[in-house]
Amino acid sequence: MEAQAEPHALAEQEICGLVKGLATQLEVHVRERAVNLDLTAPQATALRELAGPMTMRDLADRMSCEPSNATFIVDRLERLGLVERRPHPTDRRAKILALTPQGTDVRARLLAMLTENSPVTRLTQEEQRTLRELLLRATGRA
């Protein structure tokens, strides 16, 4: 029985290593593009994830970080004039984050930069769709 479990463990180990390697390449890619816009990598990640108005908690979830970390990043983006906080329509305790016109422009430039020579663009569109579907299934989000 042990001999059968070992190949699965090796496959799991290899897949984990490959996913971590891709994540590292993507982080480096974001960091290299962010500096061209005078942003940090976390600021660029926040802008990338701010596809529309959302709460701080939603942004933190999308960035895979704690809300307090997202707050720190948004504070800096707000000082740069890229993001603004608005009252939440139904929850007086929460704020809605929204891009300013300048933030929308910087985000568009960032997204264009992120698609240039991305590790993911080594894949065909069909391969990217397949990878996305597999990652959604593996993370339980499918």
# chains A, B, ... in the order shown; residues from 1 in each chain; ligands from 1
>>> select_by_dssp(residues="chain A", states="strand (DSSP E)", output="PyMOL selection string")
chain A and resi 54-55+83-87+95-99
>>> residues_around(residues="stretch 41-49 of chain A", least_positions_apart="4", cutoff="7 Å", atoms="only C-alpha atoms", output="list in words")
Val30, Arg31, Ala34, Leu59, Arg62, Met63, Ile73, Leu77, Arg107 and Leu111 of chain A
>>> select_by_dssp(residues="stretch 48-129 of chain A", states="helix (DSSP H, G or I)", output="VMD selection string")
chain A and resid 48 to 49 56 to 63 67 to 79 101 to 115 119 to 122 125 to 129
>>> atom_distance(atom1="atom CA of A:Val120", atom2="atom CA of A:Leu136")
15.7 Å
>>> closest_residue(among="A:Val74, A:Gly81, A:Arg141, A:Pro87", to="A:Asp105", atoms="only C-alpha atoms")
A:Gly81
>>> residues_around(residues="A:Lys95", least_positions_apart="4", cutoff="12 Å", atoms="only C-alpha atoms", output="PyMOL selection string")
chain A and resi 53-59+71+74+83-91
>>> write_last_selection(atoms="N, CA and C atoms", output="compact mmCIF listing (two decimals), in the first residue's frame")
# COMPACT_ATOMS: atom_id res chain seq x y z
N PRO A 53 -16.08 48.99 -7.72
CA PRO A 53 -16.24 49.33 -6.30
C PRO A 53 -16.39 48.08 -5.45
N MET A 54 -15.72 48.06 -4.30
CA MET A 54 -15.80 46.92 -3.38
C MET A 54 -15.43 47.37 -1.98
N THR A 55 -15.75 46.54 -1.01
CA THR A 55 -15.39 46.85 0.36
C THR A 55 -13.92 46.49 0.61
N MET A 56 -13.40 46.98 1.71
CA MET A 56 -12.03 46.66 2.10
C MET A 56 -11.87 45.15 2.30
N ARG A 57 -12.87 44.53 2.92
CA ARG A 57 -12.81 43.09 3.14
C ARG A 57 -12.76 42.34 1.81
N ASP A 58 -13.57 42.78 0.83
CA ASP A 58 -13.54 42.14 -0.48
C ASP A 58 -12.16 42.27 -1.13
N LEU A 59 -11.58 43.46 -1.02
CA LEU A 59 -10.25 43.67 -1.59
C LEU A 59 -9.23 42.80 -0.87
N THR A 71 -5.87 47.82 4.32
CA THR A 71 -6.11 49.19 4.76
C THR A 71 -4.85 50.04 4.59
N VAL A 74 -4.33 50.68 0.89
CA VAL A 74 -5.33 51.62 0.37
C VAL A 74 -5.07 53.03 0.88
N VAL A 83 -7.31 56.10 -5.31
CA VAL A 83 -8.47 55.41 -4.73
C VAL A 83 -9.17 56.37 -3.79
N GLU A 84 -10.49 56.21 -3.69
CA GLU A 84 -11.24 56.99 -2.70
C GLU A 84 -12.19 56.05 -1.96
N ARG A 85 -12.49 56.44 -0.72
CA ARG A 85 -13.45 55.70 0.09
C ARG A 85 -14.78 56.43 0.02
N ARG A 86 -15.82 55.65 -0.17
CA ARG A 86 -17.18 56.21 -0.23
C ARG A 86 -18.04 55.51 0.82
N PRO A 87 -19.11 56.17 1.26
CA PRO A 87 -20.01 55.49 2.22
C PRO A 87 -20.64 54.25 1.58
N HIS A 88 -20.79 53.20 2.37
CA HIS A 88 -21.46 51.98 1.91
C HIS A 88 -22.95 52.26 1.89
N PRO A 89 -23.66 51.82 0.87
CA PRO A 89 -25.09 52.16 0.77
C PRO A 89 -25.97 51.53 1.85
N THR A 90 -25.55 50.41 2.44
CA THR A 90 -26.41 49.74 3.43
C THR A 90 -25.74 49.48 4.77
N ASP A 91 -24.42 49.65 4.87
CA ASP A 91 -23.70 49.36 6.11
C ASP A 91 -22.91 50.60 6.52
>>> closest_residue(among="A:Glu6, A:Gln25, A:Gly17, A:Asp75", to="A:Leu97", atoms="only C-alpha atoms")
A:Asp75
>>> residues_around(residues="A:Thr104", least_positions_apart="6", cutoff="10 Å", atoms="only C-alpha atoms", output="JSON, numbers by chain")
{"A": [47, 50, 51, 52, 82, 83, 98, 110]}
>>> write_last_selection(atoms="N, CA, C and O atoms", output="mmCIF file, in the first residue's frame")
data_model
loop_
_atom_site.group_PDB
_atom_site.id
_atom_site.type_symbol
_atom_site.label_atom_id
_atom_site.label_comp_id
_atom_site.auth_asym_id
_atom_site.auth_seq_id
_atom_site.Cartn_x
_atom_site.Cartn_y
_atom_site.Cartn_z
ATOM 1 N N LEU A 47 -4.521 47.628 -7.082
ATOM 2 C CA LEU A 47 -5.110 48.268 -8.267
ATOM 3 C C LEU A 47 -5.611 47.223 -9.255
ATOM 4 O O LEU A 47 -6.678 47.383 -9.856
ATOM 5 N N LEU A 50 -8.904 45.864 -7.984
ATOM 6 C CA LEU A 50 -10.015 46.829 -7.876
ATOM 7 C C LEU A 50 -10.685 47.001 -9.243
ATOM 8 O O LEU A 50 -10.634 48.064 -9.847
ATOM 9 N N ALA A 51 -11.349 45.945 -9.685
ATOM 10 C CA ALA A 51 -12.020 45.973 -10.983
ATOM 11 C C ALA A 51 -13.301 46.811 -10.935
ATOM 12 O O ALA A 51 -13.826 47.207 -11.968
ATOM 13 N N GLY A 52 -13.785 47.064 -9.756
ATOM 14 C CA GLY A 52 -14.988 47.866 -9.565
ATOM 15 C C GLY A 52 -15.099 48.196 -8.093
ATOM 16 O O GLY A 52 -14.292 47.737 -7.283
ATOM 17 N N LEU A 82 -5.327 57.801 -6.146
ATOM 18 C CA LEU A 82 -5.753 56.730 -7.056
ATOM 19 C C LEU A 82 -7.025 56.024 -6.610
ATOM 20 O O LEU A 82 -7.733 55.430 -7.421
ATOM 21 N N VAL A 83 -7.313 56.098 -5.309
ATOM 22 C CA VAL A 83 -8.469 55.414 -4.731
ATOM 23 C C VAL A 83 -9.174 56.369 -3.789
ATOM 24 O O VAL A 83 -8.545 57.226 -3.167
ATOM 25 N N ALA A 98 -13.276 52.850 -4.362
ATOM 26 C CA ALA A 98 -13.485 53.082 -5.795
ATOM 27 C C ALA A 98 -12.261 53.789 -6.360
ATOM 28 O O ALA A 98 -11.614 54.586 -5.671
ATOM 29 N N LEU A 110 -1.313 49.768 -15.911
ATOM 30 C CA LEU A 110 -0.774 48.620 -15.191
ATOM 31 C C LEU A 110 -1.210 47.316 -15.852
ATOM 32 O O LEU A 110 -0.387 46.430 -16.102
#
>>> closest_residue(among="A:Thr130, A:Asp38, A:Val19, A:Arg93", to="A:Val106", atoms="only C-alpha atoms")
A:Asp38
